[in-house]
$ cat final27.pdb   # PDB, C-alpha atoms
ATOM      1  CA  MET A   1      -5.657 -14.977   7.106  1.00  0.00           C
ATOM      2  CA  PHE A   2      -6.503 -11.878   5.042  1.00  0.00           C
ATOM      3  CA  SER A   3      -9.786 -10.831   6.607  1.00  0.00           C
ATOM      4  CA  PHE A   4     -10.460  -7.584   8.444  1.00  0.00           C
ATOM      5  CA  GLN A   5     -10.777  -9.673  11.604  1.00  0.00           C
ATOM      6  CA  ASP A   6      -7.233 -10.978  11.086  1.00  0.00           C
ATOM      7  CA  TYR A   7      -5.992  -7.460  10.449  1.00  0.00           C
ATOM      8  CA  ARG A   8      -7.587  -6.215  13.655  1.00  0.00           C
ATOM      9  CA  ARG A   9      -5.760  -8.977  15.511  1.00  0.00           C
ATOM     10  CA  ILE A  10      -2.418  -7.767  14.124  1.00  0.00           C
ATOM     11  CA  VAL A  11      -3.205  -4.151  15.003  1.00  0.00           C
ATOM     12  CA  GLY A  12      -4.180  -5.229  18.506  1.00  0.00           C
ATOM     13  CA  ILE A  13      -0.793  -6.870  19.025  1.00  0.00           C
ATOM     14  CA  ILE A  14       0.988  -3.775  17.699  1.00  0.00           C
ATOM     15  CA  LYS A  15      -0.962  -1.416  19.948  1.00  0.00           C
ATOM     16  CA  SER A  16      -0.289  -3.558  23.004  1.00  0.00           C
ATOM     17  CA  THR A  17       3.471  -2.960  22.674  1.00  0.00           C
ATOM     18  CA  GLY A  18       3.331   0.829  22.955  1.00  0.00           C
ATOM     19  CA  ARG A  19       6.086   0.948  20.310  1.00  0.00           C
ATOM     20  CA  TYR A  20       4.005   1.894  17.272  1.00  0.00           C
ATOM     21  CA  VAL A  21       5.188   5.067  15.498  1.00  0.00           C
ATOM     22  CA  GLY A  22       5.382   6.598  12.044  1.00  0.00           C
ATOM     23  CA  TYR A  23       8.569   6.725   9.978  1.00  0.00           C
ATOM     24  CA  ARG A  24       9.771  10.136  11.148  1.00  0.00           C
ATOM     25  CA  GLU A  25       9.080   9.323  14.792  1.00  0.00           C
ATOM     26  CA  ALA A  26      11.038   6.076  14.392  1.00  0.00           C
ATOM     27  CA  LEU A  27      14.256   7.853  13.396  1.00  0.00           C
ATOM     28  CA  GLY A  28      16.841   7.424  16.127  1.00  0.00           C
ATOM     29  CA  ARG A  29      14.688   5.131  18.253  1.00  0.00           C
ATOM     30  CA  ASP A  30      16.026   1.874  19.665  1.00  0.00           C
ATOM     31  CA  LYS A  31      12.596   0.239  19.378  1.00  0.00           C
ATOM     32  CA  PHE A  32       9.730   0.799  16.965  1.00  0.00           C
ATOM     33  CA  ILE A  33       6.965  -0.820  14.941  1.00  0.00           C
ATOM     34  CA  ILE A  34       5.912   0.705  11.615  1.00  0.00           C
ATOM     35  CA  MET A  35       2.858  -0.281   9.582  1.00  0.00           C
ATOM     36  CA  ARG A  36       2.934   0.501   5.861  1.00  0.00           C
ATOM     37  CA  HIS A  37       0.548  -0.127   2.970  1.00  0.00           C
ATOM     38  CA  ASP A  38       1.534  -0.099  -0.721  1.00  0.00           C
ATOM     39  CA  VAL A  39      -1.573   0.478  -2.849  1.00  0.00           C
ATOM     40  CA  GLU A  40      -1.377  -1.515  -6.070  1.00  0.00           C
ATOM     41  CA  TYR A  41      -4.813  -1.920  -7.676  1.00  0.00           C
ATOM     42  CA  SER A  42      -7.599  -0.340  -5.680  1.00  0.00           C
ATOM     43  CA  VAL A  43      -7.899   2.944  -3.826  1.00  0.00           C
ATOM     44  CA  GLU A  44     -11.292   1.770  -2.595  1.00  0.00           C
ATOM     45  CA  ARG A  45      -9.766  -1.198  -0.790  1.00  0.00           C
ATOM     46  CA  ALA A  46      -7.098   1.006   0.762  1.00  0.00           C
ATOM     47  CA  TYR A  47      -9.826   3.341   1.954  1.00  0.00           C
ATOM     48  CA  ALA A  48     -11.782   0.422   3.423  1.00  0.00           C
ATOM     49  CA  LEU A  49      -8.694  -0.768   5.326  1.00  0.00           C
ATOM     50  CA  SER A  50      -8.157   2.758   6.654  1.00  0.00           C
ATOM     51  CA  LYS A  51     -11.698   2.674   8.067  1.00  0.00           C
ATOM     52  CA  VAL A  52     -10.922  -0.609   9.826  1.00  0.00           C
ATOM     53  CA  GLU A  53      -7.914   1.115  11.381  1.00  0.00           C
ATOM     54  CA  GLU A  54     -10.064   4.091  12.362  1.00  0.00           C
ATOM     55  CA  SER A  55     -12.382   1.736  14.270  1.00  0.00           C
ATOM     56  CA  MET A  56      -9.351   0.776  16.366  1.00  0.00           C
ATOM     57  CA  ASP A  57      -8.027   4.318  16.830  1.00  0.00           C
ATOM     58  CA  PHE A  58      -5.021   3.433  14.684  1.00  0.00           C
ATOM     59  CA  THR A  59      -3.323   5.288  11.833  1.00  0.00           C
ATOM     60  CA  SER A  60      -0.652   4.170   9.389  1.00  0.00           C
ATOM     61  CA  SER A  61       1.161   5.076   6.160  1.00  0.00           C
ATOM     62  CA  TYR A  62      -0.383   4.569   2.705  1.00  0.00           C
ATOM     63  CA  PHE A  63       1.700   4.804  -0.472  1.00  0.00           C
ATOM     64  CA  PHE A  64      -0.035   5.491  -3.810  1.00  0.00           C
ATOM     65  CA  GLN A  65       1.314   5.144  -7.329  1.00  0.00           C
ATOM     66  CA  TRP A  66       1.406   8.015  -9.773  1.00  0.00           C
ATOM     67  CA  THR A  67       1.885   5.789 -12.842  1.00  0.00           C
ATOM     68  CA  ASN A  68      -0.575   2.953 -12.404  1.00  0.00           C
ATOM     69  CA  ASN A  69      -2.774   1.272 -15.011  1.00  0.00           C
ATOM     70  CA  SER A  70      -5.316   0.087 -12.428  1.00  0.00           C
ATOM     71  CA  TYR A  71      -6.325   3.383 -10.867  1.00  0.00           C
ATOM     72  CA  ASN A  72      -6.057   7.116 -11.463  1.00  0.00           C
ATOM     73  CA  ILE A  73      -4.882   8.674  -8.218  1.00  0.00           C
ATOM     74  CA  LEU A  74      -5.993  12.112  -9.440  1.00  0.00           C
ATOM     75  CA  SER A  75      -9.589  11.201 -10.272  1.00  0.00           C
ATOM     76  CA  LYS A  76     -12.113  13.174  -8.235  1.00  0.00           C
ATOM     77  CA  LYS A  77     -13.363  10.088  -6.414  1.00  0.00           C
ATOM     78  CA  ASN A  78      -9.884   8.827  -5.536  1.00  0.00           C
ATOM     79  CA  MET A  79      -8.600  12.238  -4.494  1.00  0.00           C
ATOM     80  CA  GLU A  80     -11.548  12.662  -2.140  1.00  0.00           C
ATOM     81  CA  MET A  81     -10.790   9.319  -0.489  1.00  0.00           C
ATOM     82  CA  VAL A  82      -7.076  10.058  -0.149  1.00  0.00           C
ATOM     83  CA  LYS A  83      -7.733  13.530   1.270  1.00  0.00           C
ATOM     84  CA  ASP A  84     -10.155  12.049   3.792  1.00  0.00           C
ATOM     85  CA  MET A  85      -7.549   9.502   4.838  1.00  0.00           C
ATOM     86  CA  HIS A  86      -5.020  12.301   5.311  1.00  0.00           C
ATOM     87  CA  GLU A  87      -7.488  14.333   7.364  1.00  0.00           C
ATOM     88  CA  ARG A  88      -8.074  11.313   9.610  1.00  0.00           C
ATOM     89  CA  GLY A  89      -4.373  11.155  10.447  1.00  0.00           C
ATOM     90  CA  HIS A  90      -2.943   8.685   7.951  1.00  0.00           C
ATOM     91  CA  VAL A  91       0.380   9.503   6.302  1.00  0.00           C
ATOM     92  CA  ILE A  92       0.133   9.649   2.505  1.00  0.00           C
ATOM     93  CA  GLY A  93       3.201   8.818   0.459  1.00  0.00           C
ATOM     94  CA  LEU A  94       4.340   8.029  -3.073  1.00  0.00           C
ATOM     95  CA  HIS A  95       4.652   4.412  -4.185  1.00  0.00           C
ATOM     96  CA  TYR A  96       7.284   4.997  -6.832  1.00  0.00           C
ATOM     97  CA  ALA A  97       7.332   2.658  -9.843  1.00  0.00           C
ATOM     98  CA  LEU A  98      10.709   2.378 -11.558  1.00  0.00           C
ATOM     99  CA  ASN A  99       9.136   1.643 -14.962  1.00  0.00           C
ATOM    100  CA  GLY A 100      12.430   0.269 -16.236  1.00  0.00           C
ATOM    101  CA  MET A 101      14.544   3.182 -15.024  1.00  0.00           C
ATOM    102  CA  THR A 102      18.003   2.189 -13.696  1.00  0.00           C
ATOM    103  CA  ASP A 103      19.991   5.452 -13.572  1.00  0.00           C
ATOM    104  CA  MET A 104      20.092   6.257  -9.857  1.00  0.00           C
ATOM    105  CA  GLU A 105      20.440   9.995 -10.343  1.00  0.00           C
ATOM    106  CA  LEU A 106      17.462  10.101 -12.688  1.00  0.00           C
ATOM    107  CA  ILE A 107      15.493   7.954 -10.265  1.00  0.00           C
ATOM    108  CA  ARG A 108      16.195  10.424  -7.465  1.00  0.00           C
ATOM    109  CA  ARG A 109      14.993  13.321  -9.623  1.00  0.00           C
ATOM    110  CA  GLN A 110      11.858  11.478 -10.701  1.00  0.00           C
ATOM    111  CA  ILE A 111      10.931  10.597  -7.120  1.00  0.00           C
ATOM    112  CA  VAL A 112      11.134  14.248  -6.110  1.00  0.00           C
ATOM    113  CA  LYS A 113       9.224  15.315  -9.223  1.00  0.00           C
ATOM    114  CA  GLU A 114       6.361  12.882  -8.591  1.00  0.00           C
ATOM    115  CA  MET A 115       6.121  13.818  -4.912  1.00  0.00           C
ATOM    116  CA  ASN A 116       5.996  17.510  -5.827  1.00  0.00           C
ATOM    117  CA  ILE A 117       3.148  16.836  -8.263  1.00  0.00           C
ATOM    118  CA  LEU A 118       1.157  14.900  -5.666  1.00  0.00           C
ATOM    119  CA  SER A 119       1.809  17.585  -3.042  1.00  0.00           C
ATOM    120  CA  GLU A 120       0.494  20.293  -5.360  1.00  0.00           C
ATOM    121  CA  MET A 121      -2.558  18.307  -6.410  1.00  0.00           C
ATOM    122  CA  PHE A 122      -3.572  17.127  -2.935  1.00  0.00           C
ATOM    123  CA  GLY A 123      -2.809  20.371  -1.150  1.00  0.00           C
ATOM    124  CA  PHE A 124      -0.636  18.803   1.540  1.00  0.00           C
ATOM    125  CA  GLN A 125       3.020  17.814   1.703  1.00  0.00           C
ATOM    126  CA  VAL A 126       3.966  14.402   0.335  1.00  0.00           C
ATOM    127  CA  ASP A 127       7.512  13.771   1.560  1.00  0.00           C
ATOM    128  CA  ILE A 128       7.749  10.012   1.997  1.00  0.00           C
ATOM    129  CA  PHE A 129       8.044   7.242  -0.579  1.00  0.00           C
ATOM    130  CA  SER A 130       8.377   3.501  -1.061  1.00  0.00           C
ATOM    131  CA  VAL A 131       9.637   1.841  -4.233  1.00  0.00           C
ATOM    132  CA  HIS A 132       7.370  -0.545  -6.128  1.00  0.00           C
ATOM    133  CA  ARG A 133       9.066  -3.933  -6.588  1.00  0.00           C
ATOM    134  CA  PRO A 134      12.505  -2.579  -5.658  1.00  0.00           C
ATOM    135  CA  SER A 135      15.491  -4.198  -7.332  1.00  0.00           C
ATOM    136  CA  LYS A 136      18.522  -5.239  -5.295  1.00  0.00           C
ATOM    137  CA  ASP A 137      20.368  -2.303  -6.871  1.00  0.00           C
ATOM    138  CA  ILE A 138      17.749   0.073  -5.453  1.00  0.00           C
ATOM    139  CA  LEU A 139      17.966  -1.507  -2.008  1.00  0.00           C
ATOM    140  CA  ARG A 140      21.770  -1.395  -2.042  1.00  0.00           C
ATOM    141  CA  GLU A 141      21.638   2.263  -3.078  1.00  0.00           C
ATOM    142  CA  ASN A 142      19.908   3.152   0.211  1.00  0.00           C
ATOM    143  CA  ILE A 143      18.450   6.326  -1.318  1.00  0.00           C
ATOM    144  CA  LYS A 144      18.342   9.262   1.076  1.00  0.00           C
ATOM    145  CA  LEU A 145      17.046  12.667   0.019  1.00  0.00           C
ATOM    146  CA  ALA A 146      17.021  15.868   2.084  1.00  0.00           C
ATOM    147  CA  GLY A 147      13.774  16.229   4.008  1.00  0.00           C
ATOM    148  CA  ILE A 148      12.375  13.038   2.483  1.00  0.00           C
ATOM    149  CA  ILE A 149      11.804   9.589   3.982  1.00  0.00           C
ATOM    150  CA  ASN A 150      12.484   6.392   2.048  1.00  0.00           C
ATOM    151  CA  ALA A 151      10.638   3.409   3.538  1.00  0.00           C
ATOM    152  CA  TYR A 152      13.589   1.255   2.442  1.00  0.00           C
ATOM    153  CA  GLN A 153      16.388   3.375   3.856  1.00  0.00           C
ATOM    154  CA  ASP A 154      18.592   1.598   6.370  1.00  0.00           C
ATOM    155  CA  ASP A 155      16.878   3.217   9.362  1.00  0.00           C
ATOM    156  CA  PHE A 156      13.774   1.127   8.631  1.00  0.00           C
ATOM    157  CA  PHE A 157      14.984  -1.777   6.486  1.00  0.00           C
ATOM    158  CA  THR A 158      17.945  -4.156   6.535  1.00  0.00           C
ATOM    159  CA  PHE A 159      19.211  -5.230   3.125  1.00  0.00           C
ATOM    160  CA  ALA A 160      20.786  -8.672   2.704  1.00  0.00           C
ATOM    161  CA  GLU A 161      21.783 -10.262  -0.586  1.00  0.00           C
ATOM    162  CA  ASN A 162      19.962 -13.545   0.050  1.00  0.00           C
ATOM    163  CA  VAL A 163      17.604 -12.849   2.915  1.00  0.00           C
ATOM    164  CA  THR A 164      15.508 -15.594   4.476  1.00  0.00           C
ATOM    165  CA  GLU A 165      13.175 -15.618   7.462  1.00  0.00           C
ATOM    166  CA  ASP A 166      16.153 -16.555   9.669  1.00  0.00           C
ATOM    167  CA  THR A 167      18.678 -14.001   8.362  1.00  0.00           C
ATOM    168  CA  PRO A 168      19.953 -11.800  11.241  1.00  0.00           C
ATOM    169  CA  VAL A 169      18.659  -8.262  10.637  1.00  0.00           C
ATOM    170  CA  ALA A 170      18.569  -4.997  12.540  1.00  0.00           C
ATOM    171  CA  VAL A 171      14.978  -4.403  11.389  1.00  0.00           C
ATOM    172  CA  LYS A 172      12.478  -7.259  11.159  1.00  0.00           C
ATOM    173  CA  TYR A 173      10.600  -6.797   7.862  1.00  0.00           C
ATOM    174  CA  MET A 174       7.403  -8.707   7.106  1.00  0.00           C
ATOM    175  CA  SER A 175       5.417  -8.445   3.885  1.00  0.00           C
ATOM    176  CA  ASP A 176       2.186 -10.039   2.625  1.00  0.00           C
ATOM    177  CA  ALA A 177       3.327  -9.924  -1.030  1.00  0.00           C
ATOM    178  CA  ASN A 178       1.465 -12.298  -3.359  1.00  0.00           C
ATOM    179  CA  HIS A 179      -0.921 -13.315  -0.569  1.00  0.00           C
ATOM    180  CA  ILE A 180       1.993 -14.946   1.257  1.00  0.00           C
ATOM    181  CA  TRP A 181       3.614 -13.631   4.424  1.00  0.00           C
ATOM    182  CA  ARG A 182       7.287 -13.348   3.568  1.00  0.00           C
ATOM    183  CA  TYR A 183       9.973 -13.292   6.254  1.00  0.00           C
ATOM    184  CA  GLY A 184       7.468 -14.220   8.955  1.00  0.00           C
ATOM    185  CA  TYR A 185       3.863 -13.641   9.974  1.00  0.00           C
ATOM    186  CA  PRO A 186       3.215 -10.626  12.243  1.00  0.00           C
ATOM    187  CA  ASP A 187       2.147 -12.638  15.259  1.00  0.00           C
ATOM    188  CA  GLU A 188       3.085 -11.918  18.868  1.00  0.00           C
ATOM    189  CA  LYS A 189       6.388 -13.780  18.578  1.00  0.00           C
ATOM    190  CA  ASN A 190       7.680 -11.900  15.533  1.00  0.00           C
ATOM    191  CA  ILE A 191       6.380  -8.538  16.705  1.00  0.00           C
ATOM    192  CA  LEU A 192       7.382  -8.745  20.367  1.00  0.00           C
ATOM    193  CA  GLU A 193      10.750 -10.479  19.976  1.00  0.00           C
ATOM    194  CA  ASN A 194      12.222  -7.855  17.628  1.00  0.00           C
ATOM    195  CA  ASP A 195      13.151  -4.345  18.722  1.00  0.00           C
ATOM    196  CA  LYS A 196      12.622  -2.833  15.275  1.00  0.00           C
ATOM    197  CA  VAL A 197       9.793  -3.970  12.992  1.00  0.00           C
ATOM    198  CA  GLN A 198       8.388  -2.799   9.669  1.00  0.00           C
ATOM    199  CA  ILE A 199       5.205  -4.477   8.389  1.00  0.00           C
ATOM    200  CA  LEU A 200       4.070  -4.084   4.773  1.00  0.00           C
ATOM    201  CA  THR A 201       0.594  -4.988   3.565  1.00  0.00           C
ATOM    202  CA  HIS A 202      -1.090  -4.550   0.197  1.00  0.00           C
ATOM    203  CA  PRO A 203      -4.677  -3.413   0.841  1.00  0.00           C
ATOM    204  CA  PHE A 204      -6.114  -5.142  -2.236  1.00  0.00           C
ATOM    205  CA  ALA A 205      -5.420  -8.461  -0.461  1.00  0.00           C
ATOM    206  CA  TRP A 206      -7.581  -7.600   2.563  1.00  0.00           C
ATOM    207  CA  THR A 207     -11.360  -7.875   2.685  1.00  0.00           C
ATOM    208  CA  LYS A 208     -14.091  -8.417   5.241  1.00  0.00           C
ATOM    209  CA  ALA A 209     -14.515 -12.003   4.027  1.00  0.00           C
ATOM    210  CA  GLY A 210     -10.804 -12.843   3.831  1.00  0.00           C
ATOM    211  CA  TYR A 211     -10.680 -14.601   0.464  1.00  0.00           C
ATOM    212  CA  ASP A 212      -7.983 -16.996  -0.660  1.00  0.00           C
ATOM    213  CA  ASN A 213      -5.705 -15.762  -3.455  1.00  0.00           C
ATOM    214  CA  PHE A 214      -7.847 -16.866  -6.424  1.00  0.00           C
ATOM    215  CA  ASP A 215     -11.172 -15.707  -4.998  1.00  0.00           C
ATOM    216  CA  ASN A 216      -9.608 -12.420  -3.947  1.00  0.00           C
ATOM    217  CA  TYR A 217      -8.418 -11.730  -7.499  1.00  0.00           C
ATOM    218  CA  LYS A 218     -11.818 -12.789  -8.844  1.00  0.00           C
ATOM    219  CA  LYS A 219     -13.600 -10.347  -6.534  1.00  0.00           C
ATOM    220  CA  LEU A 220     -11.099  -7.582  -7.314  1.00  0.00           C
ATOM    221  CA  VAL A 221     -11.616  -8.011 -11.074  1.00  0.00           C
ATOM    222  CA  GLN A 222     -15.379  -7.857 -10.545  1.00  0.00           C
ATOM    223  CA  GLU A 223     -15.008  -4.626  -8.579  1.00  0.00           C
ATOM    224  CA  LYS A 224     -12.758  -3.034 -11.197  1.00  0.00           C
ATOM    225  CA  THR A 225     -15.068  -4.141 -14.024  1.00  0.00           C
ATOM    226  CA  GLU A 226     -18.060  -2.618 -12.274  1.00  0.00           C
ATOM    227  CA  GLU A 227     -16.067   0.567 -11.706  1.00  0.00           C
ATOM    228  CA  MET A 228     -15.322   0.782 -15.440  1.00  0.00           C
ATOM    229  CA  ILE A 229     -18.987   0.219 -16.335  1.00  0.00           C
ATOM    230  CA  GLN A 230     -20.053   2.972 -13.932  1.00  0.00           C
ATOM    231  CA  SER A 231     -17.408   5.334 -15.334  1.00  0.00           C
ATOM    232  CA  ILE A 232     -18.585   4.778 -18.922  1.00  0.00           C
ATOM    233  CA  ASP A 233     -22.209   5.230 -17.858  1.00  0.00           C
ATOM    234  CA  ASN A 234     -21.367   8.557 -16.198  1.00  0.00           C
ATOM    235  CA  GLU A 235     -19.646   9.838 -19.326  1.00  0.00           C
ATOM    236  CA  CYS A 236     -21.748   8.447 -22.193  1.00  0.00           C
ATOM    237  CA  LYS A 237     -25.505   8.997 -22.337  1.00  0.00           C
ATOM    238  CA  ASP A 238     -25.998   6.333 -25.002  1.00  0.00           C
ATOM    239  CA  PHE A 239     -24.437   3.652 -22.778  1.00  0.00           C
ATOM    240  CA  SER A 240     -27.385   3.535 -20.385  1.00  0.00           C
ATOM    241  CA  GLU A 241     -29.334   1.110 -22.570  1.00  0.00           C
ATOM    242  CA  TYR A 242     -26.422  -1.358 -22.404  1.00  0.00           C
ATOM    243  CA  LYS A 243     -25.414  -0.880 -18.795  1.00  0.00           C
ATOM    244  CA  ASP A 244     -27.682  -3.556 -17.325  1.00  0.00           C
ATOM    245  CA  TRP A 245     -26.442  -6.139 -19.820  1.00  0.00           C
ATOM    246  CA  PHE A 246     -22.813  -5.429 -18.954  1.00  0.00           C
ATOM    247  CA  MET A 247     -23.504  -5.492 -15.237  1.00  0.00           C
ATOM    248  CA  GLU A 248     -25.287  -8.828 -15.599  1.00  0.00           C
ATOM    249  CA  ASN A 249     -22.799 -10.495 -17.928  1.00  0.00           C
ATOM    250  CA  ALA A 250     -19.438  -8.854 -17.241  1.00  0.00           C
ATOM    251  CA  VAL A 251     -19.697  -8.539 -13.464  1.00  0.00           C
ATOM    252  CA  LEU A 252     -21.984 -11.169 -12.004  1.00  0.00           C
ATOM    253  CA  ARG A 253     -20.634 -13.950 -14.202  1.00  0.00           C
ATOM    254  CA  ALA A 254     -16.971 -12.985 -13.899  1.00  0.00           C
TER     255      ALA A 254
END

$ encode --input "final27.pdb" --output "structure tokens"
Amino acid sequence: MFSFQDYRRIVGIIKSTGRYVGYREALGRDKFIIMRHDVEYSVERAYALSKVEESMDFTSSYFFQWTNNSYNILSKKNMEMVKDMHERGHVIGLHYALNGMTDMELIRRQIVKEMNILSEMFGFQVDIFSVHRPSKDILRENIKLAGIINAYQDDFFTFAENVTEDTPVAVKYMSDANHIWRYGYPDEKNILENDKVQILTHPFAWTKAGYDNFDNYKKLVQEKTEEMIQSIDNECKDFSEYKDWFMENAVLRA
């Protein structure tokens, strides 16, 4: 269910409708389908998913965190991947992490601040955001900022206090959070029978092989461990004599 083949099937359904647009194009439309990706642990996996989309002549919106312990969005390698994605037509946004903040005015200021930083560093305008693990207070707030798009604003998302798959909503929202499709799977029925649709995926969950939840995490940890070993090897000359041992023991046996 989380293989590139499965993802291509979803994209194929979306493309067949003729209703696929980005967030700004969706404003004011009676019918739309939006595809969004929140990048949690791996820029590399987001990049790989963007190449799958490229093979289908499809672009979407990718949201990256500024404060993330799993990746540095401003590393040379990651910036090059994100810039390439932007150049290939993908929309790049901020995946804003609340980090315990609850003051709505301060949250608004911090969102703008982080987007301005990313815009300056990447050299193109970042003017769209999604909130990482949004609280009900955040969703109720329906944050709208001048010239900025919020993926959770009421144009693209319907908030309900106790939403279920059957709750009547103006916008059908489907998410693959925790390797489980919440509020419905994006099959033909759910995509075609709703006028307004927003689909959220987390690229770390998607691979060519389509692992189950445990094996996916196992593979992800292996990838991140190898990335750390390579980073240390690039920075420390004396690490080279240990590198093979770490690759053999920390990665292959993980």

$ residues_around --input "final27.pdb" --residues "segment 52-56 of chain A" --least-positions-apart "5" --cutoff "10 Å" --atoms "all atoms listed in the file" --output "list of chain:residue names"
A:Phe4, A:Gln5, A:Tyr7, A:Arg8, A:Val11, A:Gly12, A:Lys15, A:Ala46, A:Tyr47, A:Met85, A:Arg88, A:Gly89, A:His90, A:Lys208

$ residues_around --input "final27.pdb" --residues "segment 58-72 of chain A" --least-positions-apart "5" --cutoff "7 Å" --atoms "only C-alpha atoms" --output "PyMOL selection string"
chain A and resi 35-39+41-42+53+89-97+129-130

$ atom_distance --input "final27.pdb" --atom1 "atom CA of Asp103 of chain A" --atom2 "atom CA of Ala170 of chain A"
28.2 Å

$ residues_near_point --input "final27.pdb" --point "(10.2, 10.3, -12.7)" --cutoff "10 Å" --atoms "only C-alpha atoms" --output "MDAnalysis selection string"
chainID A and resid 66:67 96:99 101 106:115

$ closest_residue --input "final27.pdb" --among "A:Leu49, A:Ile138, A:Met121, A:Ile14" --to "Glu80 of chain A" --atoms "all atoms listed in the file"
A:Met121

$ resolve_selection --input "final27.pdb" --expression "the PyMOL selection byres ((chain A and resi 179) around 9)" --output "VMD selection string"
chain A and resid 2 176 to 178 180 to 181 202 205 212 to 213

$ closest_residue --input "final27.pdb" --among "A:Trp206, A:Tyr217, A:Phe122, A:Tyr173" --to "Ser75 of chain A" --atoms "all atoms listed in the file"
A:Phe122

$ resolve_selection --input "final27.pdb" --expression "the PyMOL selection byres ((chain A and resi 142) around 10)" --output "ChimeraX atom specification"
/A:137-141,143-145,150-155,157-159

$ atom_distance --input "final27.pdb" --atom1 "atom CA of Ile199 of chain A" --atom2 "atom CA of Ala160 of chain A"
17.1 Å
